[in-house]
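As stored in entry.cif (mmCIF, C-alpha atoms and all ligand atoms):
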data_run
#
loop_
_atom_site.label_atom_id
_atom_site.label_comp_id
_atom_site.auth_asym_id
_atom_site.auth_seq_id
_atom_site.Cartn_x
_atom_site.Cartn_y
_atom_site.Cartn_z
CA MET A 1 124.62 8.72 132.51
CA THR A 2 124.02 8.18 136.24
CA PRO A 3 125.76 10.83 138.37
CA ARG A 4 128.61 9.47 140.46
CA ALA A 5 128.93 10.39 144.12
CA THR A 6 131.90 12.60 143.28
CA ASP A 7 130.08 14.52 140.56
CA SER A 8 129.30 18.18 140.80
CA VAL A 9 128.10 20.77 138.32
CA THR A 10 129.73 24.14 137.63
CA LEU A 11 127.16 26.88 137.17
CA VAL A 12 128.01 29.91 135.06
CA GLU A 13 125.86 32.86 136.15
CA VAL A 14 125.18 35.02 133.12
CA ALA A 15 122.55 37.44 134.49
CA PRO A 16 124.86 40.46 134.89
CA ARG A 17 125.81 40.26 131.19
CA ASP A 18 123.25 38.23 129.24
CA GLY A 19 120.38 39.22 131.53
CA LEU A 20 121.00 42.93 131.84
CA GLN A 21 121.81 43.48 128.18
CA HIS A 22 118.19 42.59 127.44
CA GLU A 23 116.85 44.99 130.06
CA ASN A 24 115.16 48.12 128.72
CA ARG A 25 116.54 50.11 131.61
CA VAL A 26 120.18 50.86 132.43
CA ILE A 27 120.87 49.66 135.96
CA PRO A 28 122.89 52.24 137.95
CA THR A 29 126.48 51.13 138.41
CA ASP A 30 126.34 51.34 142.23
CA LEU A 31 123.37 48.98 142.29
CA LYS A 32 124.97 46.63 139.76
CA VAL A 33 128.17 46.37 141.78
CA ALA A 34 126.26 45.74 145.03
CA TRP A 35 124.19 43.08 143.30
CA ILE A 36 127.21 41.27 141.81
CA ASP A 37 128.87 41.40 145.25
CA ALA A 38 125.75 39.73 146.66
CA LEU A 39 125.84 37.12 143.88
CA SER A 40 129.46 36.37 144.79
CA LYS A 41 128.38 35.43 148.31
CA THR A 42 125.90 32.80 147.13
CA GLY A 43 128.66 30.35 146.22
CA LEU A 44 128.45 30.78 142.44
CA PRO A 45 131.76 29.55 140.97
CA VAL A 46 131.64 31.67 137.78
CA ILE A 47 129.98 35.03 137.13
CA GLU A 48 129.98 36.57 133.67
CA VAL A 49 130.19 40.15 134.82
CA THR A 50 129.92 42.22 131.69
CA SER A 51 130.83 42.65 128.07
CA PHE A 52 133.41 44.93 126.49
CA VAL A 53 131.26 45.75 123.50
CA ARG A 54 130.68 49.20 122.06
CA PRO A 55 128.83 51.28 124.66
CA ASP A 56 126.66 52.87 121.97
CA ARG A 57 125.51 49.39 120.90
CA ILE A 58 124.74 48.08 124.39
CA PRO A 59 124.38 51.04 126.78
CA GLN A 60 123.27 48.68 129.57
CA LEU A 61 126.91 47.47 129.80
CA ALA A 62 128.65 50.79 129.09
CA ASP A 63 130.06 50.74 132.64
CA ALA A 64 132.06 47.53 132.02
CA GLU A 65 135.40 49.00 133.22
CA GLU A 66 133.96 50.51 136.37
CA VAL A 67 132.02 47.38 137.30
CA MET A 68 135.06 45.13 136.83
CA ASP A 69 137.16 47.47 138.97
CA ARG A 70 134.67 47.94 141.78
CA ILE A 71 133.29 44.45 142.42
CA MET A 72 134.68 42.61 145.42
CA ARG A 73 136.41 39.48 144.19
CA HIS A 74 135.43 36.40 146.13
CA PRO A 75 138.28 33.87 146.17
CA GLY A 76 135.96 31.02 145.17
CA THR A 77 134.51 32.81 142.17
CA ARG A 78 135.86 33.45 138.66
CA TYR A 79 134.85 36.77 137.09
CA THR A 80 134.64 36.68 133.33
CA ALA A 81 133.87 39.13 130.55
CA LEU A 82 132.70 38.83 126.97
CA VAL A 83 134.91 40.45 124.31
CA PRO A 84 133.83 40.89 120.68
CA ASN A 85 137.23 41.64 119.13
CA LEU A 86 140.86 42.65 119.83
CA HIS A 87 139.82 46.15 120.86
CA GLY A 88 137.40 44.65 123.37
CA LEU A 89 140.17 42.41 124.69
CA GLU A 90 142.52 45.38 125.12
CA ARG A 91 139.82 47.21 127.08
CA ALA A 92 139.12 44.14 129.21
CA LEU A 93 142.74 43.27 130.06
CA ALA A 94 143.28 46.36 132.20
CA HIS A 95 140.39 45.27 134.41
CA ARG A 96 141.62 41.80 135.33
CA PRO A 97 139.05 39.33 134.03
CA ASP A 98 139.74 35.76 135.21
CA ALA A 99 138.68 34.53 131.79
CA ILE A 100 137.23 35.98 128.62
CA ALA A 101 134.58 34.75 126.24
CA VAL A 102 134.42 35.08 122.46
CA PHE A 103 131.41 34.28 120.31
CA THR A 104 130.01 33.21 117.00
CA ALA A 105 126.72 31.76 115.90
CA ALA A 106 126.46 28.36 114.21
CA SER A 107 124.14 30.05 111.73
CA GLU A 108 125.52 32.14 108.90
CA SER A 109 122.38 34.30 108.73
CA PHE A 110 122.21 34.87 112.48
CA ASN A 111 125.82 36.06 112.47
CA ARG A 112 125.14 38.43 109.59
CA HIS A 113 122.18 39.98 111.44
CA ASN A 114 123.89 40.03 114.83
CA ILE A 115 127.55 40.89 114.15
CA GLU A 116 127.42 41.92 110.49
CA THR A 117 129.73 39.17 109.27
CA GLY A 118 129.41 35.50 108.49
CA ILE A 119 130.88 32.49 110.30
CA GLU A 120 134.25 32.90 108.55
CA GLY A 121 134.33 36.58 109.50
CA ALA A 122 133.54 35.69 113.10
CA PHE A 123 136.43 33.20 113.16
CA GLU A 124 138.73 35.85 111.67
CA ARG A 125 137.77 38.18 114.53
CA MET A 126 138.14 35.53 117.22
CA THR A 127 141.44 34.06 116.08
CA PRO A 128 143.76 36.89 117.23
CA VAL A 129 141.71 37.40 120.41
CA ILE A 130 142.10 33.76 121.39
CA ALA A 131 145.81 33.81 120.48
CA GLU A 132 146.47 36.91 122.58
CA ALA A 133 144.51 35.56 125.54
CA ARG A 134 146.46 32.30 125.36
CA ARG A 135 149.73 34.23 125.22
CA ARG A 136 148.67 35.80 128.52
CA ALA A 137 147.54 32.45 129.97
CA LEU A 138 144.00 33.81 130.20
CA PRO A 139 141.33 31.09 129.86
CA VAL A 140 138.94 31.49 126.94
CA ARG A 141 135.36 30.34 126.56
CA GLY A 142 133.84 30.15 123.09
CA TYR A 143 130.13 30.76 122.74
CA LEU A 144 128.45 28.99 119.86
CA SER A 145 124.95 30.44 119.63
CA THR A 146 121.96 29.23 117.61
CA ALA A 147 123.35 25.73 118.13
CA ILE A 148 119.90 24.16 117.76
CA GLY A 149 117.61 26.58 115.97
CA CYS A 150 117.97 29.86 114.07
CA PRO A 151 115.21 32.40 113.42
CA TYR A 152 116.36 32.65 109.77
CA GLU A 153 117.57 29.14 108.92
CA GLY A 154 115.37 26.90 111.08
CA TRP A 155 116.94 23.80 112.62
CA ILE A 156 120.73 23.82 112.59
CA ASP A 157 122.57 20.66 111.50
CA PRO A 158 124.25 19.13 114.60
CA ALA A 159 127.16 18.03 112.39
CA ARG A 160 127.85 21.67 111.56
CA VAL A 161 127.78 22.59 115.26
CA ALA A 162 130.15 19.72 116.06
CA ALA A 163 132.58 20.85 113.35
CA LEU A 164 132.51 24.47 114.55
CA THR A 165 133.01 23.33 118.14
CA GLU A 166 136.08 21.35 117.14
CA ARG A 167 137.37 24.33 115.19
CA LEU A 168 137.04 26.55 118.27
CA PHE A 169 139.06 24.04 120.30
CA ASP A 170 141.67 23.92 117.52
CA LEU A 171 142.03 27.69 117.90
CA GLY A 172 142.76 27.21 121.58
CA VAL A 173 139.57 27.86 123.55
CA ASP A 174 139.28 25.99 126.85
CA GLU A 175 135.53 25.48 126.80
CA VAL A 176 132.67 25.82 124.34
CA SER A 177 129.20 26.86 125.46
CA LEU A 178 126.49 25.62 123.12
CA GLY A 179 123.58 28.02 123.13
CA ASP A 180 119.98 27.42 122.18
CA THR A 181 119.67 31.16 121.72
CA ILE A 182 116.01 31.24 120.77
CA GLY A 183 115.02 28.40 123.10
CA VAL A 184 113.33 26.20 120.51
CA GLY A 185 115.10 22.91 121.26
CA THR A 186 113.53 20.00 123.09
CA PRO A 187 115.38 17.16 124.84
CA LYS A 188 115.37 15.28 121.53
CA GLN A 189 117.42 17.97 119.79
CA VAL A 190 119.68 18.36 122.83
CA ARG A 191 120.45 14.64 122.85
CA THR A 192 121.15 14.59 119.11
CA LEU A 193 123.37 17.65 119.37
CA LEU A 194 125.40 16.31 122.29
CA ASP A 195 125.80 12.94 120.56
CA ALA A 196 127.23 14.72 117.52
CA VAL A 197 129.49 17.03 119.52
CA GLY A 198 130.54 14.30 121.96
CA ALA A 199 131.72 12.15 119.05
CA ARG A 200 134.36 14.80 118.24
CA VAL A 201 135.30 16.51 121.53
CA PRO A 202 135.13 15.54 125.23
CA LEU A 203 131.83 16.64 126.77
CA ALA A 204 133.80 17.60 129.90
CA ARG A 205 134.81 20.72 127.96
CA ILE A 206 131.29 21.58 126.80
CA ALA A 207 128.82 23.86 128.56
CA VAL A 208 125.15 24.28 127.71
CA HIS A 209 123.24 27.55 127.56
CA PHE A 210 119.48 27.13 127.36
CA HIS A 211 116.65 29.58 127.04
CA ASP A 212 113.16 29.00 128.34
CA THR A 213 111.27 30.60 125.42
CA TYR A 214 109.14 27.49 124.88
CA GLY A 215 109.32 26.20 128.46
CA GLN A 216 112.00 23.59 127.70
CA GLY A 217 114.87 25.05 129.75
CA ILE A 218 114.88 22.70 132.73
CA ALA A 219 114.05 19.64 130.63
CA ASN A 220 116.99 20.48 128.39
CA VAL A 221 119.36 20.97 131.35
CA LEU A 222 118.32 17.56 132.70
CA THR A 223 118.89 15.97 129.32
CA ALA A 224 122.34 17.56 129.03
CA VAL A 225 123.35 16.46 132.53
CA GLU A 226 122.16 12.94 131.76
CA ALA A 227 124.39 13.04 128.68
CA GLY A 228 127.40 13.93 130.85
CA ILE A 229 127.51 17.74 130.71
CA ARG A 230 128.87 19.24 133.93
CA THR A 231 128.92 22.98 133.14
CA VAL A 232 125.60 24.77 132.86
CA ASP A 233 124.90 28.44 132.10
CA ALA A 234 121.96 30.01 133.86
CA SER A 235 120.61 33.43 134.72
CA LEU A 236 119.18 34.49 138.06
CA ASN A 237 115.40 34.75 137.90
CA GLY A 238 115.60 33.76 134.23
CA LEU A 239 116.79 37.26 133.33
CA GLY A 240 117.46 37.86 129.70
CA GLY A 241 115.31 37.65 126.68
CA CYS A 242 115.07 36.32 123.24
CA PRO A 243 115.82 39.04 120.71
CA PHE A 244 113.50 37.43 118.17
CA ALA A 245 110.55 36.81 120.46
CA PRO A 246 109.76 40.08 122.25
CA GLY A 247 108.39 39.48 125.71
CA ALA A 248 109.50 35.86 125.73
CA SER A 249 111.19 34.20 128.68
CA GLY A 250 114.92 34.51 128.96
CA ASN A 251 117.64 32.14 130.04
CA VAL A 252 116.88 29.14 132.20
CA ALA A 253 116.64 30.40 135.80
CA THR A 254 119.65 29.71 138.02
CA GLU A 255 117.50 29.03 141.08
CA GLU A 256 115.53 26.36 139.20
CA VAL A 257 118.72 24.75 137.92
CA VAL A 258 120.16 24.71 141.46
CA TYR A 259 116.97 23.09 142.80
CA LEU A 260 117.06 20.47 140.03
CA LEU A 261 120.73 19.58 140.41
CA GLU A 262 120.89 19.59 144.20
CA GLY A 263 117.76 17.46 144.27
CA MET A 264 119.49 15.00 141.94
CA GLY A 265 122.46 14.72 144.27
CA LEU A 266 124.67 16.88 142.05
CA PRO A 267 126.18 19.62 144.24
CA THR A 268 126.48 23.14 142.85
CA GLY A 269 127.99 24.87 145.88
CA VAL A 270 125.28 27.53 145.58
CA SER A 271 123.00 28.55 148.46
CA LEU A 272 119.44 28.64 147.16
CA PRO A 273 118.09 31.01 149.86
CA ASP A 274 120.98 33.43 149.26
CA LEU A 275 120.42 33.25 145.51
CA LEU A 276 116.72 34.08 145.88
CA ALA A 277 117.59 36.99 148.15
CA THR A 278 119.86 38.45 145.45
CA GLY A 279 117.00 38.16 142.97
CA ASP A 280 114.65 39.95 145.39
CA PHE A 281 117.30 42.65 145.87
CA LEU A 282 117.51 43.54 142.18
CA ARG A 283 113.89 43.02 141.12
CA PRO A 284 112.55 46.50 142.01
CA ALA A 285 115.09 48.04 139.59
CA LEU A 286 114.03 45.88 136.64
CA THR A 287 111.36 46.53 134.06
CA HIS A 288 110.74 42.80 133.65
CA SER A 289 107.84 41.96 135.92
CA GLU A 290 107.91 38.21 135.40
CA MET A 291 109.70 35.93 137.83
CA SER A 292 110.84 32.34 137.62
CA ARG A 293 108.31 29.92 139.08
CA LEU A 294 110.63 29.11 141.95
CA ALA A 295 111.02 32.82 142.79
CA HIS A 296 107.31 32.80 143.80
CA VAL A 297 107.93 30.19 146.51
CA PRO A 298 107.70 31.64 150.04
CA ARG A 299 111.18 32.36 151.37
CA THR A 300 110.29 30.36 154.50
CA SER A 301 109.78 27.15 152.53
CA ARG A 302 111.72 24.26 154.07
CA TRP A 303 112.34 22.89 150.57
CA LEU A 304 114.67 25.76 149.72
CA ASP A 305 117.47 24.19 151.72
CA PRO A 306 118.06 20.67 150.43
CA GLY A 307 120.28 19.89 153.43
CA ARG A 308 117.53 20.51 155.96
CA SER A 309 114.37 19.93 153.99
CA GLY A 310 114.24 16.22 154.47
CA ARG A 311 114.64 15.70 150.74
CA ASP A 312 116.80 12.71 150.01
CA SER A 313 120.27 14.12 149.57
CA THR A 314 122.12 10.82 149.52
CA PRO A 315 125.12 11.26 147.21
CA GLY A 316 124.39 9.90 143.78
CA CYS A 317 120.77 9.21 144.64
CA SER A 318 118.88 10.78 141.78
CA VAL A 319 116.02 10.44 139.42
CA LEU A 320 118.50 8.91 137.01
CA ASP A 321 119.33 5.90 139.18
MG MG A 401 121.36 33.65 126.84
#
Take the structure in this file and express it as structure tokens.
Ligand code: MG
Amino acid sequence: MTPRATDSVTLVEVAPRDGLQHENRVIPTDLKVAWIDALSKTGLPVIEVTSFVRPDRIPQLADAEEVMDRIMRHPGTRYTALVPNLHGLERALAHRPDAIAVFTAASESFNRHNIETGIEGAFERMTPVIAEARRRALPVRGYLSTAIGCPYEGWIDPARVAALTERLFDLGVDEVSLGDTIGVGTPKQVRTLLDAVGARVPLARIAVHFHDTYGQGIANVLTAVEAGIRTVDASLNGLGGCPFAPGASGNVATEEVVYLLEGMGLPTGVSLPDLLATGDFLRPALTHSEMSRLAHVPRTSRWLDPGRSGRDSTPGCSVLD
């Protein structure tokens, strides 16, 4: 699909939740709040701030309440939180999330290892959460992880993912984010998956969530955007990991997605120099020493500002034309 001049892409920044939960170190709350406030000023439209999971399970996010209360809310940004069950929703509601996210894997085995129940059990947990959120007019995102590959089951059947996606919409979610949790997919699998899902639900309501474990993150984002996807999850500096590949790269890096999309004439509303500065701000506190490739670029590079760099920013002018 060739982008139209009116097209834009909504980025969902997942580093504060998905990124930090894979960090070995607990980031002090003061620093986390200051960092999220800085992220808010980059123009990001959605920030997944935290997760209301059990603090003993994920101590990195044990300060969920305090972080939600203390961040400065930018009017142009939606602040969302992940909730695992009704108890998590009750905890979250007092701290004014703009939306919540629920989750299941498309793989029975992955669910059993990750949340100690199968797909049916996950739907049983999500159903009342989604119903209660809807009753309160709170938007709900559904995460469908291992949508391409599973460490236990191998390749996942796209037809199964499409059916589960439809089922999530039937329950009342507003958006489904399809995650290649272990980052094994290539553009071929992405295309096949989006063909299958797109045959059953509008792709306008689908987001993609790619990991860079095998270096396919940006290629997969491009493929998804070509297929018509306009919501993309990404994590600043590629923060995050793959629980089944220790030391592997994490989520696709937000700065590289911004560079790709802006260069294609698809506005994101995000300032690349500001985004890189927020990455530099947090890096000394992290145990992860690796950086995205783009994060190595000198901050004085003229190419970091597509508007002034001389790159062709004609609306709709893209590599897809
Ligand atoms: Mg992720």
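Relative to CA of Val221 in chain A, CA of Asp170 in chain A is found at 26.4 Å.
Taking CA of Ala106 in chain A and CA of Ala137 in chain A as endpoints, the distance between them is 26.6 Å.
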Nearby residues (all atoms listed in the file) at most 6 Å from Gly240 in chain A, same-chain spacing under 3 positions excluded, as a list in words:
Asp18, Gly19, His22, Gly250 and Asn251 of chain A
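Remark: for ligand MG 401 (chain A), the closest of the candidate residues A:Asp274, A:Asp233, A:Glu175, A:Glu124 is A:Asp233 (distances computed over all atoms listed in the file).
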When the cut-off is 9 Å and you count all atoms listed in the file, which residues lie near ligand MG 401 (chain A), shown as a ChimeraX atom specification?
/A:14-15,18-19,145,179-182,209-211,233-235,239-242,250-252
Can you list, as a ChimeraX atom specification, every protein, DNA or RNA residue that comes within 7 Å of range 289-295 of chain A when you count all atoms listed in the file, leaving out same-chain residues fewer than 3 positions away?
/A:237-238,253,255-256,276
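Rounded to one decimal, CA of Glu90 in chain A and CA of Gly142 in chain A lie 17.6 Å from each other.
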Using all atoms listed in the file, determine which residues lie at most 7 Å from Thr186 in chain A, disregarding the query and same-chain residues fewer than 3 positions distant; provide the list as a ChimeraX atom specification.
/A:189-190,216,220
Using only C-alpha atoms, which residues sit within 10 Å of Pro187 in chain A once same-chain residues fewer than 6 positions away are excluded, as JSON, numbers by chain?
{"A": [193, 216, 217, 218, 219, 220, 221, 222, 223, 224]}
Could you tell me which of A:Ala133, A:Ser249, A:Ala199, A:Leu266 comes closest to Arg230 in chain A if we count all atoms listed in the file?
A:Leu266
